[in-house]
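S.K.: So here's target_3.cif (mmCIF, C-alpha atoms and all ligand atoms).
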```cif
data_target
loop_
_atom_site.label_atom_id
_atom_site.label_comp_id
_atom_site.auth_asym_id
_atom_site.auth_seq_id
_atom_site.Cartn_x
_atom_site.Cartn_y
_atom_site.Cartn_z
CA MET A 588 9.07 7.72 12.40
CA GLU A 589 10.01 8.16 8.79
CA ARG A 590 13.66 8.77 9.64
CA ASN A 591 16.19 5.96 10.07
CA GLY A 592 18.76 7.60 12.29
CA ASN A 593 19.38 10.81 10.45
CA ARG A 594 18.19 9.67 7.00
CA TYR A 595 14.80 9.80 5.30
CA ASN A 596 12.99 6.47 4.77
CA THR A 597 10.95 7.02 1.60
CA PHE A 598 9.01 3.76 2.06
CA TYR A 599 7.94 4.41 5.64
CA TYR A 600 4.36 5.69 5.32
CA SER A 601 3.32 3.95 2.10
CA HIS A 602 4.51 0.59 3.45
CA LYS A 603 2.71 1.14 6.78
CA GLY A 604 -0.46 1.83 4.79
CA LEU A 605 -0.03 -1.33 2.73
CA ARG A 606 0.75 -3.48 5.78
CA GLY A 607 -2.36 -2.13 7.54
CA MET A 608 -4.43 -2.89 4.44
CA LEU A 609 -3.04 -6.45 4.20
CA TYR A 610 -3.65 -7.19 7.92
CA SER A 611 -7.18 -5.81 7.78
CA THR A 612 -8.05 -7.66 4.55
CA GLY A 613 -6.55 -10.89 5.89
CA MET A 614 -8.87 -10.67 8.89
CA LYS A 615 -11.86 -9.90 6.67
CA ILE A 616 -11.16 -12.86 4.39
CA GLN A 617 -10.68 -15.36 7.19
CA LYS A 618 -14.03 -14.27 8.69
CA THR A 619 -15.88 -14.57 5.36
CA ASP A 620 -18.50 -17.23 4.80
CA PHE A 621 -18.06 -17.72 1.04
CA THR A 622 -21.48 -19.35 0.70
CA ASP A 623 -23.13 -16.08 1.82
CA ASP A 624 -23.69 -13.84 -1.24
CA LYS A 625 -23.25 -10.52 0.58
CA GLN A 626 -20.12 -11.55 2.50
CA ARG A 627 -18.57 -13.14 -0.59
CA LYS A 628 -19.19 -10.04 -2.72
CA GLU A 629 -17.72 -7.76 -0.04
CA ALA A 630 -14.59 -9.90 0.32
CA VAL A 631 -14.10 -10.07 -3.45
CA ALA A 632 -14.54 -6.27 -3.82
CA LEU A 633 -12.02 -5.60 -1.05
CA LEU A 634 -9.55 -8.07 -2.51
CA ALA A 635 -9.85 -6.43 -5.95
CA GLU A 636 -9.01 -3.08 -4.34
CA VAL A 637 -5.99 -4.55 -2.53
CA LEU A 638 -4.61 -6.10 -5.73
CA GLU A 639 -5.03 -2.80 -7.55
CA LEU A 640 -3.34 -0.73 -4.83
CA ILE A 641 -0.37 -3.09 -4.43
CA GLU A 642 0.08 -3.23 -8.20
CA ARG A 643 0.00 0.57 -8.35
CA HIS A 644 2.55 0.84 -5.54
CA SER A 645 4.94 -1.60 -7.26
CA LEU A 646 4.59 0.23 -10.57
CA HIS A 647 5.44 3.53 -8.86
CA GLU A 648 8.54 2.07 -7.23
CA ASP A 649 9.62 0.48 -10.52
CA THR A 650 9.14 3.78 -12.33
CA TYR A 651 10.23 6.48 -9.88
CA ILE A 652 12.51 4.89 -7.25
CA PHE A 653 14.32 1.72 -8.32
CA PRO A 654 15.85 3.00 -11.59
CA HIS A 655 17.84 5.49 -9.47
CA VAL A 656 19.66 2.71 -7.61
CA THR A 657 19.55 -0.57 -9.51
CA THR A 658 22.27 0.64 -11.90
CA TYR A 659 24.58 0.48 -8.86
CA ASP A 660 23.62 -3.09 -7.87
CA GLY A 661 22.85 -5.65 -10.58
CA ALA A 662 22.27 -8.47 -8.08
CA LEU A 663 19.62 -6.46 -6.25
CA LEU A 664 17.94 -5.60 -9.55
CA ALA A 665 17.75 -9.32 -10.42
CA GLU A 666 16.36 -10.12 -6.96
CA LEU A 667 13.68 -7.43 -7.19
CA GLU A 668 12.70 -8.60 -10.67
CA GLU A 669 12.42 -12.18 -9.46
CA ASP A 670 10.22 -11.00 -6.57
CA HIS A 671 8.00 -9.14 -9.00
CA ALA A 672 7.56 -12.25 -11.14
CA HIS A 673 6.55 -14.23 -8.04
CA GLY A 674 4.16 -11.43 -6.97
CA HIS A 675 2.54 -11.49 -10.42
CA LYS A 676 2.03 -15.26 -10.16
CA LEU A 677 0.18 -14.82 -6.84
CA ASP A 678 -1.86 -11.99 -8.38
CA SER A 679 -2.93 -14.17 -11.32
CA LYS A 680 -3.90 -17.02 -9.01
CA LEU A 681 -6.01 -14.70 -6.83
CA LEU A 682 -7.70 -13.16 -9.89
CA GLN A 683 -8.51 -16.63 -11.22
CA LEU A 684 -10.10 -17.58 -7.85
CA VAL A 685 -12.07 -14.31 -7.80
CA ASP A 686 -13.43 -15.18 -11.28
CA GLU A 687 -14.41 -18.65 -10.07
CA LEU A 688 -16.29 -17.14 -7.11
CA GLN A 689 -18.39 -15.05 -9.48
CA VAL A 690 -19.79 -18.03 -11.39
CA PRO A 691 -23.08 -19.32 -9.90
CA THR A 692 -22.38 -22.69 -8.30
CA ASN A 693 -23.15 -24.87 -5.27
CA HIS A 694 -22.11 -24.27 -1.64
CA THR A 695 -19.49 -27.03 -1.61
CA THR A 696 -17.63 -25.44 -4.54
CA LEU A 697 -17.91 -21.93 -3.04
CA GLN A 698 -16.48 -23.25 0.23
CA SER A 699 -13.53 -24.96 -1.42
CA VAL A 700 -12.71 -22.02 -3.75
CA GLY A 701 -13.06 -19.67 -0.75
CA ALA A 702 -10.62 -21.83 1.24
CA GLU A 703 -8.12 -21.79 -1.63
CA LEU A 704 -8.45 -18.02 -1.89
CA PHE A 705 -7.83 -17.70 1.87
CA HIS A 706 -4.62 -19.77 1.71
CA THR A 707 -3.38 -18.02 -1.44
CA PHE A 708 -4.01 -14.63 0.16
CA ASN A 709 -2.05 -15.71 3.25
CA ARG A 710 0.92 -16.44 0.97
CA TYR A 711 0.33 -13.10 -0.76
CA ILE A 712 0.48 -11.29 2.62
CA ALA A 713 3.62 -13.18 3.64
CA PHE A 714 5.31 -12.40 0.33
CA HIS A 715 4.50 -8.69 0.42
CA LEU A 716 5.52 -8.31 4.07
CA GLU A 717 8.91 -9.86 3.27
CA HIS A 718 9.25 -7.86 0.07
CA MET A 719 8.63 -4.55 1.84
CA GLU A 720 11.23 -5.40 4.49
CA LYS A 721 13.70 -6.22 1.73
CA GLU A 722 13.07 -2.88 0.02
CA GLU A 723 13.62 -0.96 3.24
CA GLU A 724 16.69 -2.98 4.15
CA LYS A 725 18.41 -3.12 0.75
CA VAL A 726 17.17 -0.20 -1.34
CA ASN A 727 17.39 2.48 1.35
CA PRO A 728 21.17 2.17 1.90
CA LEU A 729 21.74 2.67 -1.85
CA LEU A 730 19.43 5.68 -1.97
CA TRP A 731 21.22 7.15 1.05
CA LYS A 732 24.62 6.51 -0.46
CA TYR A 733 23.96 8.22 -3.78
CA TYR A 734 21.26 10.83 -3.07
CA SER A 735 20.39 13.56 -0.56
CA ASP A 736 17.17 13.32 1.47
CA GLU A 737 15.79 16.18 -0.60
CA GLU A 738 16.51 14.32 -3.86
CA ILE A 739 14.90 11.15 -2.48
CA THR A 740 11.79 13.08 -1.41
CA ARG A 741 11.57 14.68 -4.86
CA MET A 742 11.57 11.25 -6.58
CA LYS A 743 8.06 10.70 -5.16
CA SER A 744 6.65 13.99 -6.36
CA PRO A 745 4.87 12.52 -9.45
CA ILE A 746 3.23 9.89 -7.19
CA VAL A 747 1.61 12.26 -4.68
CA ASN A 748 0.69 14.68 -7.48
CA SER A 749 -0.64 11.96 -9.79
CA GLY A 750 -3.86 12.36 -11.75
CA ASP A 751 -5.41 9.03 -10.68
CA SER A 752 -6.77 10.62 -7.52
CA GLY A 753 -9.31 7.89 -6.72
CA LEU A 754 -6.61 5.30 -6.06
CA LEU A 755 -4.28 7.84 -4.46
CA LEU A 756 -7.02 8.80 -1.97
CA LYS A 757 -7.67 5.14 -1.16
CA GLU A 758 -3.96 4.72 -0.44
CA ILE A 759 -3.99 7.85 1.74
CA ALA A 760 -7.01 6.47 3.65
CA TRP A 761 -5.27 3.15 4.39
CA THR A 762 -2.09 4.94 5.51
CA LEU A 763 -3.95 7.32 7.83
CA GLN A 764 -5.67 4.33 9.46
CA SER A 765 -2.38 2.44 9.85
CA ILE A 766 -0.20 5.00 11.68
CA SER A 767 -0.19 6.76 15.06
CA SER A 768 -1.97 10.11 15.53
CA ASN A 769 1.35 11.89 15.86
CA GLU A 770 2.61 10.29 12.65
CA ALA A 771 -0.60 11.29 10.84
CA ILE A 772 0.02 14.92 11.82
CA GLN A 773 3.70 14.84 10.78
CA TRP A 774 2.89 13.06 7.51
CA LEU A 775 0.16 15.53 6.49
CA ILE A 776 2.39 18.49 7.41
CA GLY A 777 5.14 17.02 5.22
CA LEU A 778 2.74 16.46 2.33
CA GLN A 779 1.33 19.97 2.60
CA SER A 780 4.58 21.47 1.32
CA ARG A 781 4.79 19.02 -1.61
CA VAL A 782 1.31 19.00 -3.17
CA SER A 783 -1.13 21.51 -4.65
CA LEU A 784 -3.80 23.14 -2.47
CA GLU A 785 -6.49 21.16 -4.30
CA THR A 786 -4.72 17.83 -3.69
CA MET A 787 -4.20 18.73 -0.03
CA GLU A 788 -7.93 19.47 0.34
CA GLY A 789 -8.61 15.95 -0.98
CA PHE A 790 -6.22 14.46 1.61
CA LYS A 791 -7.88 16.46 4.42
CA LYS A 792 -11.31 15.26 3.29
CA VAL A 793 -10.11 11.65 3.55
CA ALA A 794 -8.64 12.38 7.00
CA LYS A 795 -12.07 13.66 8.11
CA GLU A 796 -13.67 10.42 6.95
CA VAL A 797 -11.28 7.97 8.55
CA LEU A 798 -9.73 9.58 11.64
CA PRO A 799 -11.29 10.03 15.09
CA ALA A 800 -12.49 13.57 15.92
CA GLY A 801 -9.77 14.15 18.55
CA ASP A 802 -6.99 13.45 16.05
CA LEU A 803 -8.65 15.69 13.47
CA ASN A 804 -8.69 18.68 15.81
CA ALA A 805 -4.97 18.25 16.51
CA ILE A 806 -4.24 17.91 12.78
CA GLU A 807 -6.31 20.99 11.85
CA THR A 808 -4.56 23.07 14.52
CA GLN A 809 -1.09 22.03 13.38
CA LEU A 810 -1.77 22.29 9.66
CA THR A 811 -3.03 25.84 9.94
CA ALA A 812 -0.37 26.89 12.48
FE FE B 1 7.30 -1.08 -1.70
#
```
Kindly transcribe the structure held in the file into structure tokens.
M.R.:
Amino acid sequence: MERNGNRYNTFYYSHKGLRGMLYSTGMKIQKTDFTDDKQRKEAVALLAEVLELIERHSLHEDTYIFPHVTTYDGALLAELEEDHAHGHKLDSKLLQLVDELQVPTNHTTLQSVGAELFHTFNRYIAFHLEHMEKEEEKVNPLLWKYYSDEEITRMKSPIVNSGDSGLLLKEIAWTLQSISSNEAIQWLIGLQSRVSLETMEGFKKVAKEVLPAGDLNAIETQLTA
């Protein structure tokens, strides 16, 4: 659950969503035949979405979470900045390979660029999995030391109430598909008290699209209770 002992883990659900997205995309990419136009286009579109969502997540943490704690730990700040530089390098490499896959060429080239993209994405997954563990392991104790759970929850308010609803809803969809039914209920109940009615309707619409009917009934019952 989103609590570590008696404290609130602010990364819990967003990181589960991102991990689920990385696992699912990794599987999709390793099953892609890059010489097949349809499969290649689908893999490239999914990868573009992943890069965008991870970038958005990092920007949100850099803007709304990390500044609250990095003043207390210069070494951690340097480490996180170094990680970000490495993450950007992997991003640029993947974007360059995506560009190469969009230029008409022969099957041999498509196969070799596809293989390079697969291996680079594996490193990308490994890096982000490690990075998320680091955030939960090193940033949480600082947040807990200097802020109340209520203050930590409030730091995320601009994120869940952000105007860029298309990307927010995609993130919500990945998270709902990457957690247990019970967690989905608890998460949506928690969000209900922190977002506008309109935003909540958007979240419920996504839940209807991605969750099995049985889970939806349980969620509806608890949300209206
Ligand atoms: Fe994160």
S.K.: Distance limit 7 Å, reference ligand FE 1 (chain B), atoms considered: all atoms listed in the file. Which residues make the cut? Give them as a ChimeraX atom specification.
M.R.: /A:598,602,644-645,648,719,722
S.K.: Take atom CA of Ile652 of chain A and atom CA of Lys732 of chain A and report the distance between them in Å, one decimal.
M.R.: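 Atom-to-atom, atom CA of Ile652 of chain A and atom CA of Lys732 of chain A are spaced 14.0 Å apart.
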S.K.: If I take atom CA of Val690 of chain A and atom CA of Leu634 of chain A, how far is one from the other in Å, to one decimal?
M.R.: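 About the pair atom CA of Val690 of chain A and atom CA of Leu634 of chain A: they are 16.8 Å apart.
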S.K.: Which residue is closest to Tyr599 of chain A? Choose from A:Glu687, A:Glu724, A:Glu668, A:Glu788 and count only C-alpha atoms.
M.R.: A:Glu724
S.K.: At a cut-off of 12 Å, using all atoms listed in the file, what residues contact Gly701 of chain A? Leave out same-chain residues fewer than 3 positions from it and give the result as a PyMOL selection string.
M.R.: chain A and resi 616-623+626-628+630-631+681+683-689+694-698+704-708
S.K.: Could you pull the residues within 9 Å of Val747 of chain A, counting only C-alpha atoms, minus those fewer than 6 positions along the same chain, as a ChimeraX atom specification?
M.R.: /A:755,778,781-782,786
S.K.: Point out the residue among A:His715, A:Gly592, A:Asp624, A:Tyr659 with the least atom-to-atom distance to Leu677 of chain A, counting all atoms listed in the file.
M.R.: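 Among the listed residues, A:His715 lies closest to Leu677 of chain A.
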